[in-house]
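Novice: One structure, as structure tokens, below. Some questions next.
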Amino acid sequence: MDAQSPLQSEIEQLAGTHGRNRTALMPVLQELNRSHSYLSEEAMLLVSKELSVPRSEVYGVATFYSFFSVEPRGKYVIRLCRTISCAITGKYHPAVASLLAELGIAFGETTQDGLFTLEQTSCIGLCDQGPAMLVNDDVHVKLTEESVRTILKDYRRKAASEGLVKSA
Amino acid sequence: MDVKTVHGFVGNELSFAGASADAGLKLAETMDADALIAKVSASGLRGRGGAGFPMGMKWKFARAETRDPKYIICNADEGEPGTFKDRLILTDFADLVFAGMAIAGKAVGAEKGILYLRAEYAWLRAHLEEVLERRRKAGLLGGAILGNKAFSFDIEIRMGAGAYICGEESALIESLEGKRGEARNRMPFPVQSGYLGLPTVVNNVETFAWVPCILEKGPEWFSSMGTEKSPGARLFSVSGDCKRPGIYEYPFGVSLRQLLKDVGAENAKAVQVGGASGVCVPAAQFDRKLAFEDLATGGSIIVFGQERDMFAVAENFQHFFAEESCGQCVPCRIGNVRLHEAIGRMRQNGLDAKTEQTLRQLATTMQTASKCGLGQSSPNAFLSILDSFAGELPAGKA
């Protein structure tokens, strides 16, 4: 008997929790997307088999929603709101410049150390406290040029303490 | 994460703050379905998501369906730009929402509820699960609510994954079924064939929150607020160029001018009412009323000060739609990209009469031929800005 890959075990376990049917597809993909930072081709094929959903449809769902990715991403995905209420605040452009300079990447890219992916997002419902961004599930509001640096430093420190990168 | 860290400013006294979820639920427990539907119908409560469908009528249709099980779905996919009232309701008044869903269940004969929470609000999930668990332990949710064996209802939280279109109820249902969030054809409506093809009531967070309040204080209390066609009050999310952004409650029929005074934006140049899918109202029309019969809105108010470049605003909104179009139908998928490009060009080169005519034709095509509300409303902001502020474009090239 073939030894089971860790990914296969993980997906079997997720299917056990959420069910082996179509309605389980979103929750299963959500958990995989979280634990691996993205949905690999291998993961999608295994999900297709486990839930009996055609592989084309698994891919269709994986590429429809903006929180899913089929490309590897950083440990922390930064989603900066670019919708109007955030974008017209005076602090928006300085905060963007600070993010870009501090990370040394453009929107859509991932830092060399694999820590951060920088994305822009549509309205995240923090319009009264913009500029705002999400880092994974965490909310950061009233961003300024300075606060952005502090926030990134905190995540770097957190990653270092977890042994993910050399100390910041 | 402590959900209170992003609580935000509340500008006036909210009805929800003085309401008791349990008082409404206890009353509902003693009433039969017809009485519940009659009460909610008498209040005149209309859906707070934007479309404004009468809640009592929706319940009545769902009640009449004979197939089981039925579902009650709370739409917490608050994605309209400038809207954040559901964030506050879920933070402070989740009990009202869950009680409202249970009451809806009793009225239509459903025992299963789903709260569809947008991925952007994942930080609220732990808090909401805590509230659900507390309510189950207190006998306010789950099997035999308040000891009544004929009243069972439980709620499960399901997450979105980042798609504005899933705020449209049929796209939301597709998403729950594990599909791409593409709007369905209507008919049938979700009350006839919704989640898994079963009768389903979908309502916005705020709509459910009003239900226990209406039972506790009576339909007359509710309908005495607002206008004849738009009974009651609602929450407004105010952002943009104003001194006091935040959440405000007003009865329907309040004028834009009154609201702007309260939020510290008397000198505004224009206000976007209803988010990206709404309309841009210039200062000359600030005496218009916020109500279904005049300026209908899901509650989003974005204020623009005198210095704003209104076509930069239009460009931002059109980019939003180009990003968020589900891609299912051509007028929306292609139209929004083309309109976005055109706004960029007119900001550089101005707009000649022939191009304007072409763009207005394109916009009309998108409004009439798009499959769902997203596409149909996607040119509204641009058109209303063009109507009021065309003079701000650079003079056209000869």
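Chain labels follow the order of the structure tokens: the first chain is A, the next B, and so on; residue numbering restarts at 1 in every chain, and ligands are counted from 1 in their shown order.
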Counting only C-alpha atoms, a student should be able to say which residues of chain A come within 6 Å of chain B; what is the right answer, written as a list in words?

Specialist: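 Result, ordered by chain then number: Arg22, Thr23, Leu25, Met26, Val61, Tyr65, Ser66, Phe67, Ser85, Cys123, Ile124, Gly125, Cys127, Asp128 and Asp137 of chain A.
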
Novice: Can you tell me which residues surround Ala94 of chain B at a distance of at most 10 Å, considering only C-alpha atoms, apart from same-chain residues fewer than 3 positions away, and format the answer as a ChimeraX atom specification?

Specialist: /B:21,86-91,97-100,127-128,131-132,205-206,208-209

Novice: Which residues are near Pro131 of chain A? Cut-off 8 Å, only C-alpha atoms, ignore same chain within fewer than 2 positions. Put them as a list in words.

Specialist: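 Contacts, in chain order: Cys81, Ser85, Cys86, Ala87, Thr89, Lys91, Tyr92, Ala95, Cys127, Gln129, Met133, Val141, Lys142, Leu143 and Thr144 of chain A.
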
Novice: Measuring atom to atom with only C-alpha atoms, identify which of A:Gly60, A:Gly108, A:Pro54, A:Gly74 is nearest to Tyr38 of chain A.

Specialist: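 Closest residue, counting only C-alpha atoms: A:Gly74.
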
Novice: Would you pick out the contacts of Leu7 of chain A at 10 Å or less, using only C-alpha atoms, so that residues sharing its chain but fewer than 2 positions from it are not included, and give the list as a list of chain:residue names?

Specialist: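 Answer for this query is A:Gln4, A:Ser5, A:Ser9, A:Glu10, A:Ile11, A:Glu12, A:Gln13, A:Leu32, A:His36, A:Glu42, A:Ala43, A:Leu46.
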
Novice: For the structure I just gave you, how does DSSP split segment 3-191 of chain B - specifically, which residues are strand (DSSP E)? Reply as number ranges by chain.

Specialist: B: 71-76, 112-117, 154-159

Novice: Near Ser37 of chain A, counting only C-alpha atoms, which residues have an atom at most 9 Å away, once you skip same-chain residues fewer than 2 positions from it, shown as a count of residues only?

Specialist: 14

Novice: Write out as a PyMOL selection string all residues of segment 343-393 of chain B that backbone DSSP assigns to alpha helix (DSSP H).

Specialist: chain B and resi 343-349+353-369+373-377+380-389

Novice: Dump N, CA and C atoms for the selected residues as a compact mmCIF listing (two decimals), in the first residue's frame?

Specialist:
# COMPACT_ATOMS: atom_id res chain seq x y z
N ILE B 343 -13.15 56.51 -18.59
CA ILE B 343 -13.07 57.57 -17.57
C ILE B 343 -11.61 58.05 -17.44
N GLY B 344 -10.68 57.11 -17.50
CA GLY B 344 -9.26 57.49 -17.47
C GLY B 344 -8.92 58.42 -18.63
N ARG B 345 -9.44 58.08 -19.82
CA ARG B 345 -9.15 58.91 -21.01
C ARG B 345 -9.79 60.29 -20.89
N MET B 346 -11.04 60.33 -20.43
CA MET B 346 -11.70 61.66 -20.37
C MET B 346 -11.07 62.55 -19.32
N ARG B 347 -10.46 61.96 -18.30
CA ARG B 347 -9.77 62.78 -17.29
C ARG B 347 -8.53 63.44 -17.91
N GLN B 348 -7.98 62.79 -18.94
CA GLN B 348 -6.83 63.37 -19.64
C GLN B 348 -7.26 64.34 -20.74
N ASN B 349 -8.20 63.85 -21.55
CA ASN B 349 -8.47 64.54 -22.82
C ASN B 349 -9.83 65.22 -22.91
N ALA B 353 -18.81 65.24 -27.72
CA ALA B 353 -20.23 64.87 -27.73
C ALA B 353 -20.45 63.46 -28.26
N LYS B 354 -19.68 63.08 -29.28
CA LYS B 354 -19.89 61.77 -29.89
C LYS B 354 -19.48 60.65 -28.91
N THR B 355 -18.34 60.85 -28.25
CA THR B 355 -17.90 59.84 -27.29
C THR B 355 -18.88 59.74 -26.13
N GLU B 356 -19.37 60.92 -25.70
CA GLU B 356 -20.33 60.91 -24.60
C GLU B 356 -21.57 60.08 -24.97
N GLN B 357 -22.02 60.27 -26.19
CA GLN B 357 -23.20 59.52 -26.65
C GLN B 357 -22.92 58.01 -26.64
N THR B 358 -21.73 57.64 -27.13
CA THR B 358 -21.36 56.22 -27.15
C THR B 358 -21.33 55.65 -25.74
N LEU B 359 -20.73 56.42 -24.81
CA LEU B 359 -20.61 55.93 -23.43
C LEU B 359 -21.97 55.83 -22.75
N ARG B 360 -22.85 56.79 -23.04
CA ARG B 360 -24.19 56.71 -22.45
C ARG B 360 -24.95 55.50 -22.99
N GLN B 361 -24.72 55.20 -24.29
CA GLN B 361 -25.34 53.99 -24.86
C GLN B 361 -24.81 52.73 -24.17
N LEU B 362 -23.49 52.72 -23.96
CA LEU B 362 -22.87 51.58 -23.29
C LEU B 362 -23.48 51.42 -21.89
N ALA B 363 -23.60 52.56 -21.18
CA ALA B 363 -24.14 52.51 -19.81
C ALA B 363 -25.58 51.99 -19.82
N THR B 364 -26.37 52.44 -20.78
CA THR B 364 -27.76 51.97 -20.86
C THR B 364 -27.80 50.47 -21.14
N THR B 365 -26.90 50.02 -22.01
CA THR B 365 -26.83 48.58 -22.29
C THR B 365 -26.52 47.80 -21.02
N MET B 366 -25.57 48.31 -20.24
CA MET B 366 -25.20 47.62 -19.00
C MET B 366 -26.38 47.59 -18.02
N GLN B 367 -27.12 48.71 -17.95
CA GLN B 367 -28.25 48.78 -17.03
C GLN B 367 -29.38 47.85 -17.42
N THR B 368 -29.58 47.70 -18.74
CA THR B 368 -30.73 46.91 -19.17
C THR B 368 -30.39 45.45 -19.44
N ALA B 369 -29.18 45.16 -19.87
CA ALA B 369 -28.88 43.80 -20.33
C ALA B 369 -28.05 42.98 -19.35
N GLY B 373 -28.27 42.59 -10.33
CA GLY B 373 -28.22 43.95 -9.81
C GLY B 373 -26.84 44.59 -9.86
N LEU B 374 -25.78 43.78 -9.72
CA LEU B 374 -24.44 44.35 -9.75
C LEU B 374 -24.20 45.06 -11.09
N GLY B 375 -24.39 44.32 -12.17
CA GLY B 375 -24.16 44.89 -13.49
C GLY B 375 -25.13 46.02 -13.82
N GLN B 376 -26.39 45.81 -13.43
CA GLN B 376 -27.42 46.80 -13.75
C GLN B 376 -27.15 48.14 -13.07
N SER B 377 -26.55 48.11 -11.90
CA SER B 377 -26.30 49.36 -11.18
C SER B 377 -24.90 49.90 -11.39
N ASN B 380 -24.23 53.55 -12.61
CA ASN B 380 -24.99 54.63 -11.97
C ASN B 380 -24.12 55.77 -11.42
N ALA B 381 -23.05 55.40 -10.75
CA ALA B 381 -22.20 56.44 -10.15
C ALA B 381 -21.62 57.32 -11.25
N PHE B 382 -21.07 56.67 -12.27
CA PHE B 382 -20.49 57.44 -13.39
C PHE B 382 -21.52 58.35 -14.04
N LEU B 383 -22.70 57.83 -14.33
CA LEU B 383 -23.73 58.64 -15.00
C LEU B 383 -24.14 59.84 -14.15
N SER B 384 -24.30 59.62 -12.84
CA SER B 384 -24.74 60.73 -11.99
C SER B 384 -23.62 61.76 -11.85
N ILE B 385 -22.39 61.33 -11.87
CA ILE B 385 -21.27 62.28 -11.81
C ILE B 385 -21.17 63.05 -13.13
N LEU B 386 -21.38 62.33 -14.23
CA LEU B 386 -21.35 62.99 -15.54
C LEU B 386 -22.47 64.03 -15.64
N ASP B 387 -23.64 63.70 -15.13
CA ASP B 387 -24.77 64.63 -15.19
C ASP B 387 -24.49 65.92 -14.42
N SER B 388 -23.81 65.80 -13.28
CA SER B 388 -23.65 66.97 -12.42
C SER B 388 -22.31 67.68 -12.59
N PHE B 389 -21.28 66.96 -13.01
CA PHE B 389 -19.94 67.54 -12.93
C PHE B 389 -19.16 67.50 -14.24

Novice: Could you tell me how far atom CA of Lys137 of chain B lies from atom CA of Arg125 of chain B, in Å and to one decimal?

Specialist: 18.4 Å

Novice: To one decimal in Å, tell me the separation between atom CA of Ala62 of chain A and atom CA of Met44 of chain A.

Specialist: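 Distance reported for this atom pair: 8.3 Å.
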
Novice: Quick one: of B:Val10, B:Ala342, B:Ala64, B:Val202, who's nearest to Arg48 of chain B, counting only C-alpha atoms?

Specialist: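 Selected residue with least distance to Arg48 of chain B: B:Val202.
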
Novice: Would you mind telling me which residue in A:Leu100, A:Ile88, A:Leu164, A:Ile105 lies nearest to Glu145 of chain A when using only C-alpha atoms?

Specialist: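 Closest residue, counting only C-alpha atoms: A:Leu100.
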
Novice: For Met187 of chain B, which residue among B:Leu146, B:Met55, B:Glu307, B:Ser170 is the nearest when counting only C-alpha atoms?

Specialist: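 When distances to Met187 of chain B are compared using only C-alpha atoms, the smallest one comes from B:Ser170.
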
Novice: Compare A:Arg149, A:Arg55, A:His18, A:Lys49 by their minimum atom-to-atom distance to Val96 of chain A, counting only C-alpha atoms, and give me the closest one.

Specialist: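 The shortest atom-to-atom distance to Val96 of chain A comes from A:Arg149.
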